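Text of coords.txt, listed as compact mmCIF, C-alpha atoms:
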# COMPACT_ATOMS: atom_id res chain seq x y z
CA MET A 1 35.70 -44.03 -30.91
CA LYS A 2 39.21 -42.84 -30.07
CA SER A 3 42.28 -44.21 -31.74
CA SER A 4 43.53 -44.88 -28.19
CA GLU A 5 41.63 -45.19 -24.92
CA VAL A 6 42.07 -43.17 -21.76
CA ALA A 7 43.50 -44.92 -18.72
CA VAL A 8 41.56 -47.13 -16.32
CA LYS A 9 42.59 -46.61 -12.70
CA ALA A 10 41.42 -49.34 -10.31
CA TRP A 11 41.36 -49.46 -6.49
CA ASN A 12 41.67 -53.25 -6.30
CA ASP A 13 44.61 -53.95 -4.00
CA GLY A 14 43.69 -57.24 -2.33
CA VAL A 15 40.31 -57.41 -4.11
CA GLU A 16 39.66 -59.32 -7.32
CA ILE A 17 37.91 -57.59 -10.19
CA GLU A 18 36.69 -60.12 -12.74
CA GLU A 19 38.03 -60.07 -16.27
CA GLY A 20 34.65 -59.21 -17.78
CA ALA A 21 34.31 -56.13 -15.59
CA MET A 22 37.78 -54.94 -16.53
CA ARG A 23 36.97 -55.50 -20.20
CA GLN A 24 33.82 -53.39 -19.83
CA ALA A 25 35.83 -50.60 -18.20
CA HIS A 26 38.35 -50.60 -21.06
CA ASN A 27 35.48 -50.54 -23.57
CA THR A 28 34.10 -47.46 -21.83
CA ALA A 29 37.56 -45.85 -21.84
CA GLN A 30 37.64 -46.10 -25.67
CA LEU A 31 34.67 -43.76 -26.16
CA ASP A 32 35.61 -40.39 -27.62
CA CYS A 33 33.37 -38.58 -25.12
CA VAL A 34 35.18 -39.99 -22.07
CA MET A 35 37.74 -37.70 -20.43
CA HIS A 36 40.96 -38.17 -18.46
CA HIS A 37 40.45 -41.70 -17.07
CA VAL A 38 37.85 -44.19 -15.86
CA ALA A 39 37.98 -44.96 -12.12
CA LEU A 40 37.11 -48.47 -10.88
CA MET A 41 36.11 -48.95 -7.28
CA PRO A 42 37.07 -52.15 -5.36
CA ASP A 43 33.48 -53.46 -5.48
CA ALA A 44 33.49 -53.36 -9.30
CA HIS A 45 31.77 -56.20 -11.13
CA LEU A 46 30.14 -56.98 -14.47
CA GLY A 47 27.21 -54.72 -15.33
CA TYR A 48 24.92 -53.84 -18.23
CA GLY A 49 27.06 -51.98 -20.76
CA ALA A 50 29.29 -50.28 -18.19
CA THR A 51 30.95 -51.79 -15.13
CA VAL A 52 29.09 -51.59 -11.83
CA GLY A 53 31.51 -49.79 -9.51
CA SER A 54 32.85 -47.38 -12.14
CA VAL A 55 33.15 -43.60 -12.24
CA ILE A 56 32.99 -42.20 -15.76
CA PRO A 57 33.74 -38.57 -16.68
CA THR A 58 32.28 -37.42 -20.00
CA GLN A 59 32.50 -34.16 -21.88
CA ILE A 60 29.91 -31.58 -20.92
CA ASP A 61 27.93 -32.25 -24.10
CA ALA A 62 27.68 -36.06 -23.76
CA ILE A 63 26.12 -38.64 -21.40
CA ILE A 64 25.99 -42.46 -21.64
CA PRO A 65 22.47 -43.50 -20.48
CA ALA A 66 23.39 -47.18 -19.98
CA ALA A 67 26.23 -46.12 -17.68
CA VAL A 68 23.69 -44.38 -15.45
CA GLY A 69 21.54 -47.48 -15.81
CA VAL A 70 17.87 -48.21 -15.26
CA ASP A 71 17.74 -47.87 -11.47
CA ILE A 72 18.35 -44.14 -11.72
CA GLY A 73 19.17 -42.54 -8.38
CA CYS A 74 19.42 -45.85 -6.55
CA GLY A 75 21.14 -45.28 -3.24
CA MET A 76 21.10 -45.42 0.54
CA ILE A 77 19.65 -43.56 3.51
CA ALA A 78 20.66 -44.11 7.14
CA GLN A 79 19.21 -42.61 10.31
CA ARG A 80 20.63 -42.90 13.83
CA THR A 81 18.21 -43.07 16.76
CA SER A 82 18.55 -42.56 20.51
CA LEU A 83 17.74 -46.25 21.07
CA ARG A 84 20.38 -48.67 22.28
CA ALA A 85 20.75 -52.41 21.94
CA THR A 86 19.28 -52.92 25.41
CA ASP A 87 16.06 -51.22 24.21
CA LEU A 88 15.41 -53.86 21.56
CA PRO A 89 13.06 -56.77 22.26
CA ASP A 90 14.65 -60.20 22.62
CA ASN A 91 12.81 -61.36 19.50
CA LEU A 92 12.65 -58.99 16.52
CA ARG A 93 10.28 -61.08 14.42
CA GLU A 94 7.21 -58.95 15.19
CA THR A 95 9.19 -55.81 14.37
CA ARG A 96 10.12 -57.25 10.98
CA LEU A 97 6.54 -58.28 10.24
CA GLN A 98 5.27 -54.79 11.09
CA LEU A 99 7.82 -53.17 8.79
CA GLU A 100 7.03 -55.62 5.99
CA LYS A 101 3.33 -54.90 6.41
CA ARG A 102 3.63 -51.11 6.18
CA ILE A 103 6.33 -50.68 3.52
CA PRO A 104 5.51 -52.27 0.14
CA HIS A 105 8.40 -54.42 -1.10
CA GLY A 106 9.05 -57.22 -3.56
CA ARG A 107 6.84 -57.85 -6.56
CA THR A 108 3.82 -60.00 -7.45
CA SER A 109 1.26 -60.25 -10.28
CA GLY A 110 3.73 -59.20 -12.96
CA GLY A 111 3.98 -55.72 -11.44
CA ARG A 112 0.35 -54.75 -12.17
CA ARG A 113 -0.12 -52.03 -9.61
CA HIS A 114 -3.49 -52.93 -8.09
CA ARG A 115 -2.44 -56.50 -7.28
CA ASP A 116 1.27 -56.04 -6.77
CA ARG A 117 2.38 -56.24 -3.15
CA GLY A 118 5.34 -54.04 -4.12
CA ALA A 119 3.16 -51.10 -5.23
CA TRP A 120 0.36 -49.02 -3.73
CA GLY A 121 -3.07 -49.93 -5.09
CA ASP A 122 -4.29 -46.57 -3.82
CA PRO A 123 -1.36 -44.39 -2.69
CA PRO A 124 -1.84 -43.13 0.87
CA ASN A 125 -2.08 -39.43 1.68
CA PHE A 126 1.57 -38.99 2.64
CA VAL A 127 2.62 -40.33 -0.76
CA VAL A 128 0.11 -38.21 -2.69
CA GLN A 129 1.16 -35.09 -0.81
CA ALA A 130 4.86 -35.66 -1.56
CA TRP A 131 4.05 -36.41 -5.21
CA ASN A 132 1.97 -33.25 -5.65
CA ALA A 133 4.45 -31.03 -3.83
CA ASP A 134 7.72 -32.18 -5.37
CA LEU A 135 7.29 -34.47 -8.38
CA LYS A 136 3.99 -34.09 -10.23
CA THR A 137 4.83 -31.02 -12.33
CA GLY A 138 8.20 -32.41 -13.40
CA PHE A 139 6.60 -35.72 -14.37
CA GLU A 140 3.97 -33.96 -16.46
CA ASN A 141 6.71 -32.08 -18.32
CA ILE A 142 8.52 -35.36 -19.05
CA VAL A 143 5.35 -37.09 -20.24
CA GLU A 144 4.48 -34.14 -22.48
CA ARG A 145 7.62 -34.94 -24.48
CA GLN A 146 7.47 -38.72 -24.10
CA PRO A 147 3.80 -39.79 -23.64
CA ARG A 148 4.67 -43.49 -23.38
CA LEU A 149 6.21 -42.83 -19.94
CA SER A 150 2.72 -42.03 -18.59
CA LYS A 151 2.07 -45.79 -18.40
CA ALA A 152 5.04 -46.51 -16.11
CA ASN A 153 4.54 -46.94 -12.38
CA SER A 154 5.26 -43.56 -10.83
CA VAL A 155 3.18 -42.34 -7.89
CA HIS A 156 2.16 -45.96 -7.21
CA HIS A 157 5.83 -46.79 -6.57
CA LEU A 158 6.69 -43.72 -4.50
CA GLY A 159 7.42 -44.82 -0.95
CA THR A 160 8.06 -48.46 -1.95
CA MET A 161 11.24 -50.50 -1.77
CA GLY A 162 11.47 -52.71 -4.85
CA THR A 163 13.14 -56.08 -5.35
CA GLY A 164 16.56 -57.72 -5.57
CA ASN A 165 19.20 -56.15 -3.37
CA HIS A 166 16.96 -53.38 -2.05
CA PHE A 167 16.46 -53.62 1.71
CA LEU A 168 15.57 -52.06 5.04
CA GLU A 169 17.71 -52.89 8.06
CA VAL A 170 17.84 -52.24 11.77
CA CYS A 171 21.50 -52.03 12.77
CA LEU A 172 23.71 -51.46 15.81
CA ASP A 173 26.83 -49.32 15.66
CA GLU A 174 30.10 -49.65 17.58
CA SER A 175 28.46 -47.96 20.60
CA ASP A 176 25.34 -50.14 20.40
CA ARG A 177 23.24 -47.23 19.11
CA VAL A 178 20.32 -48.31 16.90
CA TRP A 179 20.26 -47.19 13.26
CA LEU A 180 17.77 -47.69 10.43
CA MET A 181 19.29 -48.11 6.98
CA LEU A 182 17.48 -48.40 3.66
CA HIS A 183 18.45 -49.10 0.02
CA SER A 184 16.19 -48.21 -2.91
CA GLY A 185 15.90 -46.08 -6.05
CA SER A 186 13.51 -44.66 -8.63
CA ARG A 187 11.52 -47.87 -9.11
CA GLY A 188 9.37 -48.44 -12.22
CA ILE A 189 9.46 -44.93 -13.61
CA GLY A 190 13.26 -44.74 -13.34
CA ALA A 191 13.58 -48.03 -15.21
CA ALA A 192 11.23 -46.80 -17.94
CA ILE A 193 13.21 -43.56 -18.36
CA GLY A 194 16.51 -45.43 -18.42
CA LYS A 195 15.38 -47.97 -21.04
CA LEU A 196 13.81 -45.31 -23.25
CA TYR A 197 16.92 -43.15 -23.44
CA ILE A 198 19.31 -46.07 -23.83
CA GLU A 199 17.37 -46.85 -27.02
CA LYS A 200 17.31 -43.19 -28.04
CA ALA A 201 21.09 -43.03 -27.65
CA LYS A 202 21.45 -46.02 -29.96
CA GLU A 203 19.12 -44.41 -32.50
CA SER A 204 20.91 -41.07 -32.36
CA MET A 205 24.30 -42.61 -33.09
CA GLY A 206 23.06 -44.05 -36.36
CA GLU A 207 25.85 -45.64 -38.40
CA ARG A 208 28.42 -44.73 -35.75
CA LEU A 209 26.84 -47.31 -33.42
CA GLY A 210 28.70 -50.08 -35.22
CA ASN A 211 32.03 -48.47 -34.35
CA LEU A 212 31.44 -48.75 -30.59
CA PRO A 213 33.10 -51.58 -28.62
CA ASP A 214 29.65 -52.26 -27.09
CA LYS A 215 26.37 -50.93 -28.51
CA ASP A 216 25.05 -50.48 -24.97
CA LEU A 217 27.64 -47.71 -24.54
CA ALA A 218 25.79 -45.49 -27.01
CA TYR A 219 25.76 -41.90 -25.81
CA LEU A 220 23.61 -38.83 -26.28
CA VAL A 221 25.21 -35.61 -27.52
CA ASP A 222 23.93 -32.08 -26.95
CA ASP A 223 23.19 -30.70 -30.41
CA LYS A 224 22.31 -27.34 -28.83
CA ALA A 225 18.65 -27.78 -29.76
CA GLY A 226 16.40 -27.21 -26.76
CA ASP A 227 14.21 -30.19 -27.60
CA SER A 228 17.05 -32.66 -28.25
CA ALA A 229 17.11 -36.15 -26.74
CA PHE A 230 20.16 -35.06 -24.73
CA ASN A 231 18.29 -32.22 -23.06
CA GLU A 232 15.22 -34.39 -22.56
CA TYR A 233 17.38 -36.97 -20.81
CA VAL A 234 19.13 -34.40 -18.61
CA ALA A 235 15.73 -33.22 -17.35
CA ALA A 236 14.30 -36.72 -16.98
CA VAL A 237 17.31 -38.17 -15.16
CA ALA A 238 17.42 -35.23 -12.74
CA TRP A 239 13.73 -35.77 -11.98
CA ALA A 240 14.22 -39.53 -11.47
CA GLN A 241 17.10 -38.84 -9.07
CA SER A 242 14.81 -36.54 -7.07
CA PHE A 243 12.15 -39.28 -7.07
CA ALA A 244 14.70 -41.75 -5.68
CA ARG A 245 15.84 -39.40 -2.91
CA ILE A 246 12.26 -38.58 -1.87
CA ASN A 247 11.32 -42.27 -2.11
CA ARG A 248 13.99 -43.15 0.47
CA GLU A 249 12.97 -40.27 2.75
CA LEU A 250 9.32 -41.36 2.71
CA MET A 251 10.18 -44.97 3.54
CA MET A 252 12.54 -43.95 6.32
CA ASN A 253 9.83 -41.79 7.87
CA ARG A 254 7.34 -44.64 7.47
CA ALA A 255 9.72 -47.08 9.14
CA LEU A 256 10.32 -44.76 12.11
CA GLU A 257 6.58 -44.18 12.43
CA THR A 258 6.00 -47.95 12.33
CA LEU A 259 8.44 -48.55 15.19
CA ARG A 260 6.73 -45.87 17.26
CA ARG A 261 3.19 -47.07 16.52
CA ALA A 262 3.95 -50.73 17.17
CA ARG A 263 5.18 -49.80 20.69
CA LEU A 264 7.73 -52.57 20.54
CA PHE A 265 10.48 -50.13 21.53
CA PRO A 266 10.53 -47.39 24.19
CA PRO A 267 10.02 -43.78 22.98
CA PHE A 268 13.01 -42.51 20.99
CA GLU A 269 14.41 -39.54 19.09
CA VAL A 270 16.42 -39.35 15.88
CA ASP A 271 19.43 -37.33 14.79
CA GLU A 272 18.43 -34.17 12.97
CA LYS A 273 20.07 -35.16 9.70
CA ALA A 274 19.96 -38.49 7.91
CA VAL A 275 22.68 -39.58 5.46
CA ASN A 276 21.02 -39.88 2.03
CA CYS A 277 23.24 -40.60 -0.99
CA HIS A 278 22.80 -41.81 -4.55
CA HIS A 279 25.08 -44.46 -6.01
CA ASN A 280 23.64 -44.77 -9.56
CA TYR A 281 23.49 -41.26 -10.99
CA VAL A 282 24.95 -38.51 -13.14
CA GLN A 283 25.63 -34.86 -12.34
CA ARG A 284 27.72 -31.92 -13.50
CA GLU A 285 30.99 -31.50 -11.63
CA HIS A 286 34.40 -29.86 -12.00
CA HIS A 287 37.45 -32.14 -12.19
CA PHE A 288 41.00 -31.67 -13.44
CA GLY A 289 40.25 -28.10 -14.48
CA GLU A 290 37.20 -28.91 -16.60
CA GLU A 291 33.43 -28.99 -16.32
CA CYS A 292 32.14 -32.47 -17.09
CA TRP A 293 29.40 -34.97 -16.40
CA ILE A 294 30.33 -37.54 -13.77
CA THR A 295 28.44 -40.82 -13.94
CA ARG A 296 28.75 -42.94 -10.81
CA LYS A 297 27.48 -46.40 -11.67
CA GLY A 298 27.66 -48.19 -8.34
CA ALA A 299 29.78 -45.54 -6.60
CA ILE A 300 29.10 -42.71 -4.16
CA ARG A 301 30.48 -39.20 -3.98
CA ALA A 302 33.24 -38.91 -1.38
CA GLY A 303 34.17 -35.24 -1.45
CA GLU A 304 36.23 -33.96 1.46
CA GLY A 305 34.11 -34.15 4.62
CA GLU A 306 31.03 -35.57 2.83
CA LEU A 307 29.22 -38.44 4.53
CA GLY A 308 28.27 -41.61 2.70
CA ILE A 309 27.02 -45.15 3.26
CA ILE A 310 28.81 -48.34 2.18
CA PRO A 311 26.67 -51.40 2.96
CA GLY A 312 27.93 -54.97 3.20
CA SER A 313 25.81 -58.00 2.38
CA MET A 314 22.85 -59.24 4.44
CA GLY A 315 25.16 -60.82 6.99
CA ALA A 316 28.18 -58.49 6.91
CA ARG A 317 28.90 -55.15 8.55
CA SER A 318 28.23 -51.83 6.85
CA TYR A 319 29.93 -48.45 7.18
CA ILE A 320 29.09 -44.79 7.51
CA VAL A 321 32.08 -43.01 5.96
CA ARG A 322 33.54 -39.54 5.53
CA GLY A 323 35.08 -38.68 2.17
CA LYS A 324 38.67 -37.56 1.75
CA GLY A 325 38.12 -35.78 -1.57
CA GLU A 326 40.68 -37.84 -3.53
CA SER A 327 40.90 -36.23 -6.97
CA SER A 328 42.07 -39.33 -8.85
CA SER A 329 38.81 -41.16 -7.96
CA PHE A 330 36.79 -38.10 -8.99
CA GLU A 331 36.00 -37.75 -5.27
CA SER A 332 34.26 -41.14 -5.23
CA CYS A 333 34.33 -44.47 -3.40
CA SER A 334 32.58 -47.84 -3.56
CA HIS A 335 28.84 -48.23 -3.07
CA GLY A 336 29.02 -51.56 -1.24
CA ALA A 337 30.84 -54.87 -1.15
CA GLY A 338 30.14 -55.78 -4.79
CA ARG A 339 28.98 -59.10 -6.13
CA ARG A 340 31.40 -61.99 -6.61
CA MET A 341 28.66 -64.36 -7.82
CA SER A 342 25.81 -63.71 -10.22
CA ARG A 343 22.31 -64.24 -8.88
CA ASN A 344 21.90 -67.42 -10.92
CA ARG A 345 25.21 -68.82 -9.71
CA ALA A 346 24.33 -68.09 -6.08
CA ARG A 347 21.00 -69.90 -6.44
CA LYS A 348 22.72 -72.90 -8.01
CA THR A 349 25.74 -73.21 -5.71
CA VAL A 350 24.63 -72.06 -2.24
CA SER A 351 22.37 -74.30 -0.17
CA VAL A 352 19.41 -72.94 1.76
CA GLU A 353 20.95 -74.48 4.90
CA SER A 354 24.26 -72.64 4.56
CA HIS A 355 22.39 -69.44 3.67
CA ALA A 356 20.32 -69.71 6.86
CA GLN A 357 23.41 -70.45 8.92
CA ALA A 358 25.18 -67.36 7.59
CA LEU A 359 22.23 -65.25 8.71
CA ALA A 360 21.64 -66.93 12.06
CA ASP A 361 22.16 -63.67 13.96
CA VAL A 362 19.90 -61.56 11.73
CA GLU A 363 16.09 -61.49 11.94
CA CYS A 364 15.18 -61.89 8.26
CA ASN A 365 13.67 -64.10 5.62
CA ASN A 366 16.62 -66.48 5.24
CA GLY A 367 14.89 -68.98 2.97
CA GLU A 368 15.12 -69.77 -0.73
CA SER A 369 13.59 -66.45 -1.86
CA THR A 370 16.66 -64.52 -0.63
CA LEU A 371 19.27 -67.08 -1.68
CA ASP A 372 20.64 -64.83 -4.45
CA GLU A 373 21.49 -62.25 -1.75
CA THR A 374 23.38 -64.66 0.50
CA PRO A 375 26.54 -63.16 2.08
CA SER A 376 28.92 -65.46 0.18
CA ALA A 377 27.63 -64.01 -3.12
CA TYR A 378 29.41 -60.76 -2.22
CA LYS A 379 33.03 -59.72 -1.83
CA ASP A 380 34.59 -59.31 1.61
CA ILE A 381 33.46 -55.83 2.70
CA ASP A 382 36.53 -55.38 4.92
CA ALA A 383 38.87 -56.11 2.00
CA VAL A 384 36.91 -53.60 -0.07
CA MET A 385 37.30 -51.00 2.68
CA ARG A 386 41.06 -51.57 2.96
CA ALA A 387 41.47 -51.17 -0.79
CA GLN A 388 39.97 -47.67 -0.68
CA SER A 389 41.49 -46.37 2.55
CA ASP A 390 42.84 -43.35 0.63
CA LEU A 391 39.31 -42.42 -0.45
CA ILE A 392 37.28 -42.53 2.76
CA GLU A 393 37.48 -42.70 6.54
CA PRO A 394 35.02 -45.02 8.35
CA ILE A 395 33.28 -43.18 11.19
CA HIS A 396 30.63 -45.75 12.17
CA THR A 397 30.52 -49.53 11.81
CA LEU A 398 27.04 -51.05 11.63
CA ARG A 399 26.00 -54.66 12.13
CA GLN A 400 22.55 -55.85 11.10
CA VAL A 401 20.10 -57.32 13.58
CA LEU A 402 17.04 -57.17 11.27
CA CYS A 403 16.71 -57.15 7.49
CA VAL A 404 13.64 -56.73 5.27
CA LYS A 405 14.67 -57.77 1.77
CA GLY A 406 12.94 -56.77 -1.44
File written out as structure tokens:
Amino acid sequence: MKSSEVAVKAWNDGVEIEEGAMRQAHNTAQLDCVMHHVALMPDAHLGYGATVGSVIPTQIDAIIPAAVGVDIGCGMIAQRTSLRATDLPDNLRETRLQLEKRIPHGRTSGGRRHRDRGAWGDPPNFVVQAWNADLKTGFENIVERQPRLSKANSVHHLGTMGTGNHFLEVCLDESDRVWLMLHSGSRGIGAAIGKLYIEKAKESMGERLGNLPDKDLAYLVDDKAGDSAFNEYVAAVAWAQSFARINRELMMNRALETLRRARLFPPFEVDEKAVNCHHNYVQREHHFGEECWITRKGAIRAGEGELGIIPGSMGARSYIVRGKGESSSFESCSHGAGRRMSRNRARKTVSVESHAQALADVECNNGESTLDETPSAYKDIDAVMRAQSDLIEPIHTLRQVLCVKG
């Protein structure tokens, strides 16, 4: 640990960042592997080890696994269609039910794959083909080094949404064009990889672990040995990030196919390119004249001209944005509105009636099972956007008309 910490720079003008989240950021800034400064986005809130909504640069030979987290590669994908609001049916309930039927989401039976509604019992052909083409060999290499990971849900979770704040939405933009937007990550296998290497980082630090401001900030160091835990993690996290990206692509294609097959909408086309961006990940980048690892824990890359997605809550607008490449944020911006209430607090303080009222204009499950995702549990997305106006430019504003929640 350093004798003095690097700076923490926060984009929080008009947006409250809780004391605990700020304390976590300052803890991270004390690590001797952290460079230059830690950037806090306006959606920042308390996380596991490191603050959700933080951007952390580390030396090229060090990574903090808990800062990347256990939902490795979690992020967003959005696709614009040729449909317009007038093409939608008056009642979207059947559309929601069809999407819920064809895209596994949520969790039952303790996550045991053959009885879990959130996993494939027998993965369909489109999942198996994607797995064999893009992920199988990499997974086998990871398991060769860490056999225990073979037991984690992998192919059975590919093309599935997950739980919590993961979702699929049908939205309308400022021109009443119809978009599909989806939030998910690397599912069970990403969580298993994250947990394994968080523990390995703690083990590798040995006696030095007690000198850290938080043991969950243990980091892996490249000891230049090809079979080191650091190099294992670099390979595993890159694979999990690919899994997450492909997972979102498969679900988006499945959702579009579902809308076409159900014949609830007229025939439609889609834009050639979808926006697909991680917001929990690590990658090598160049900042302030140095090569480093950039960990975005609840933040997206916002390089000059790059497109990204910043979702609001279930009942608030979301944004497609273009990055401005601001160097002081490490070319980053927020990944959403950010929680202002914990899940437990939301369940205890928000009534089912007020939750349903807040979502009156959205076709969704607005009962007790989604109470922890109620709009009032999140910060004001428009305040968050104003606080980072130097980081991004909004180019589309989306409002939800349908939400499938994990």
**OP:** Excluding Lys405 in chain A and residues on its chain fewer than 4 positions from it, collect all residues at most 8 Å away from it, counting all atoms listed in the file, and give them as a PyMOL selection string.
**Re:** chain A and resi 105-106+163-168+364-365+370
Distance query 10 Å from (7.8, -50.3, 4.1) using only C-alpha atoms, result as a PDB file with C-alpha atoms, in the coordinates of the input:
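Output file out_3.pdb follows:
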ATOM      1  CA  GLN A  98       5.270 -54.790  11.090  1.00  0.00           C
ATOM      2  CA  LEU A  99       7.820 -53.170   8.790  1.00  0.00           C
ATOM      3  CA  GLU A 100       7.030 -55.620   5.990  1.00  0.00           C
ATOM      4  CA  LYS A 101       3.330 -54.900   6.410  1.00  0.00           C
ATOM      5  CA  ARG A 102       3.630 -51.110   6.180  1.00  0.00           C
ATOM      6  CA  ILE A 103       6.330 -50.680   3.520  1.00  0.00           C
ATOM      7  CA  PRO A 104       5.510 -52.270   0.140  1.00  0.00           C
ATOM      8  CA  HIS A 105       8.400 -54.420  -1.100  1.00  0.00           C
ATOM      9  CA  GLY A 118       5.340 -54.040  -4.120  1.00  0.00           C
ATOM     10  CA  GLY A 159       7.420 -44.820  -0.950  1.00  0.00           C
ATOM     11  CA  THR A 160       8.060 -48.460  -1.950  1.00  0.00           C
ATOM     12  CA  MET A 161      11.240 -50.500  -1.770  1.00  0.00           C
ATOM     13  CA  GLY A 162      11.470 -52.710  -4.850  1.00  0.00           C
ATOM     14  CA  PHE A 167      16.460 -53.620   1.710  1.00  0.00           C
ATOM     15  CA  LEU A 168      15.570 -52.060   5.040  1.00  0.00           C
ATOM     16  CA  LEU A 182      17.480 -48.400   3.660  1.00  0.00           C
ATOM     17  CA  LEU A 250       9.320 -41.360   2.710  1.00  0.00           C
ATOM     18  CA  MET A 251      10.180 -44.970   3.540  1.00  0.00           C
ATOM     19  CA  MET A 252      12.540 -43.950   6.320  1.00  0.00           C
ATOM     20  CA  ASN A 253       9.830 -41.790   7.870  1.00  0.00           C
ATOM     21  CA  ARG A 254       7.340 -44.640   7.470  1.00  0.00           C
ATOM     22  CA  ALA A 255       9.720 -47.080   9.140  1.00  0.00           C
ATOM     23  CA  THR A 258       6.000 -47.950  12.330  1.00  0.00           C
ATOM     24  CA  VAL A 404      13.640 -56.730   5.270  1.00  0.00           C
ATOM     25  CA  GLY A 406      12.940 -56.770  -1.440  1.00  0.00           C
TER      26      GLY A 406
END
Subject >> Minimum-distance residue to Leu359 in chain A, chosen among A:Arg345, A:Arg386, A:Arg339, A:Arg399 (using all atoms listed in the file) >> reply: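 The shortest atom-to-atom distance to Leu359 in chain A comes from A:Arg399.
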Mind checking which residues fall within 8 Å of range 138-146 of chain A, counting only C-alpha atoms, ignoring those fewer than 2 positions away in the same chain, and posting them as a PDB file with C-alpha atoms, in the coordinates of the input?
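The resulting file, result13.pdb, is shown below:
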ATOM      1  CA  LEU A 135       7.290 -34.470  -8.380  1.00  0.00           C
ATOM      2  CA  LYS A 136       3.990 -34.090 -10.230  1.00  0.00           C
ATOM      3  CA  ARG A 148       4.670 -43.490 -23.380  1.00  0.00           C
ATOM      4  CA  LEU A 149       6.210 -42.830 -19.940  1.00  0.00           C
ATOM      5  CA  SER A 150       2.720 -42.030 -18.590  1.00  0.00           C
ATOM      6  CA  GLU A 232      15.220 -34.390 -22.560  1.00  0.00           C
ATOM      7  CA  ALA A 235      15.730 -33.220 -17.350  1.00  0.00           C
ATOM      8  CA  ALA A 236      14.300 -36.720 -16.980  1.00  0.00           C
ATOM      9  CA  TRP A 239      13.730 -35.770 -11.980  1.00  0.00           C
TER      10      TRP A 239
END
Original post:
Please, what distance in Å, to one decimal, runs between CA of Arg343 in chain A and CA of Asp372 in chain A?
Top reply: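 CA of Arg343 in chain A sits 4.8 Å away from CA of Asp372 in chain A.
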**OP:** Write out as a PyMOL selection string which residues come within 10 Å of His286 in chain A when counting only C-alpha atoms, dropping same-chain ones fewer than 6 positions away.
**Re:** chain A and resi 57+292-294+330
Sorted by chain and rising residue number, list the residues of range 93-177 of chain A at most 10 Å from range 85-88 of chain A (counting all atoms listed in the file), each with its closest atom pair and distance in Å to one decimal, as JSON lines.
{"residue": "A:Thr95", "atom": "CA", "partner": "A:Leu88", "partner_atom": "CA", "distance": 9.7}
{"residue": "A:Cys171", "atom": "CA", "partner": "A:Ala85", "partner_atom": "CA", "distance": 9.2}
{"residue": "A:Leu172", "atom": "CA", "partner": "A:Ala85", "partner_atom": "CA", "distance": 6.9}
{"residue": "A:Asp173", "atom": "CA", "partner": "A:Ala85", "partner_atom": "CA", "distance": 9.3}
{"residue": "A:Ser175", "atom": "CA", "partner": "A:Ala85", "partner_atom": "CA", "distance": 9.0}
{"residue": "A:Asp176", "atom": "CA", "partner": "A:Ala85", "partner_atom": "CA", "distance": 5.3}
{"residue": "A:Arg177", "atom": "CA", "partner": "A:Ala85", "partner_atom": "CA", "distance": 6.4}
Write out as a tab-separated table a residue-level contact list of range 30-90 of chain A versus range 387-394 of chain A with cut-off 10 Å: for each qualifying residue the closest pair of atoms and the distance in Å to one decimal, counting all atoms listed in the file, rows sorted by chain and residue number upward.
residue	atom	partner	partner_atom	distance
A:Met41	CA	A:Gln388	CA	7.8
A:Pro42	CA	A:Ala387	CA	6.4
A:Asp43	CA	A:Ala387	CA	9.5
Original post:
Pick the closest to Tyr48 in chain A from A:Gly312, A:Gly298, A:Ala360, A:Asp271: which is it, counting all atoms listed in the file?
Top reply: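 Of all the options, A:Gly298 lies closest to Tyr48 in chain A.
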**OP:** Could you give me, as a ChimeraX atom specification, the residues that sit within 7 Å of (21.7, -44.9, -10.3) in the file's coordinates, counting all atoms listed in the file?
**Re:** /A:68-69,71-74,278-281,297
**OP:** With a distance cut-off of 12 Å and all atoms listed in the file, select the neighbouring residues of Thr28 in chain A, excluding the residue or stretch itself and same-chain residues fewer than 4 positions from it, and output the selection as a PyMOL selection string.
**Re:** chain A and resi 1-2+4-8+21-24+32-35+37-40+47-52+54-58+63-64+66-67+212-219+295
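Each of A:Gly14, A:Pro311, A:Gly121, A:Gly289 was compared to His396 in chain A using all atoms listed in the file, and A:Pro311 turns out to be the nearest.
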**OP:** Would you work out the distance separating CA of Tyr197 in chain A from CA of Leu220 in chain A, expressed in Å to one decimal?
**Re:** 8.5 Å
Subject >> Point-to-point distance in Å for CA of Leu256 in chain A and CA of Asp382 in chain A >> reply: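 Interatomic distance, CA of Asp382 in chain A to CA of Leu256 in chain A: 29.2 Å.
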**OP:** Could you check which of A:Thr81, A:Asn12, A:Ser369, A:Ser154 is closest to Arg260 in chain A, using all atoms listed in the file?
**Re:** A:Thr81
Original post:
From the list A:Ala44, A:Val170, A:Val350, A:Ile189, which residue is nearest Arg84 in chain A when using only C-alpha atoms?
Top reply: A:Val170
Original post:
Of the residues A:Glu199, A:Glu269, A:Ile60, A:Asn27, which is the one nearest to Asn231 in chain A, using only C-alpha atoms?
Top reply: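 For Asn231 in chain A, the nearest of the candidates is A:Ile60.
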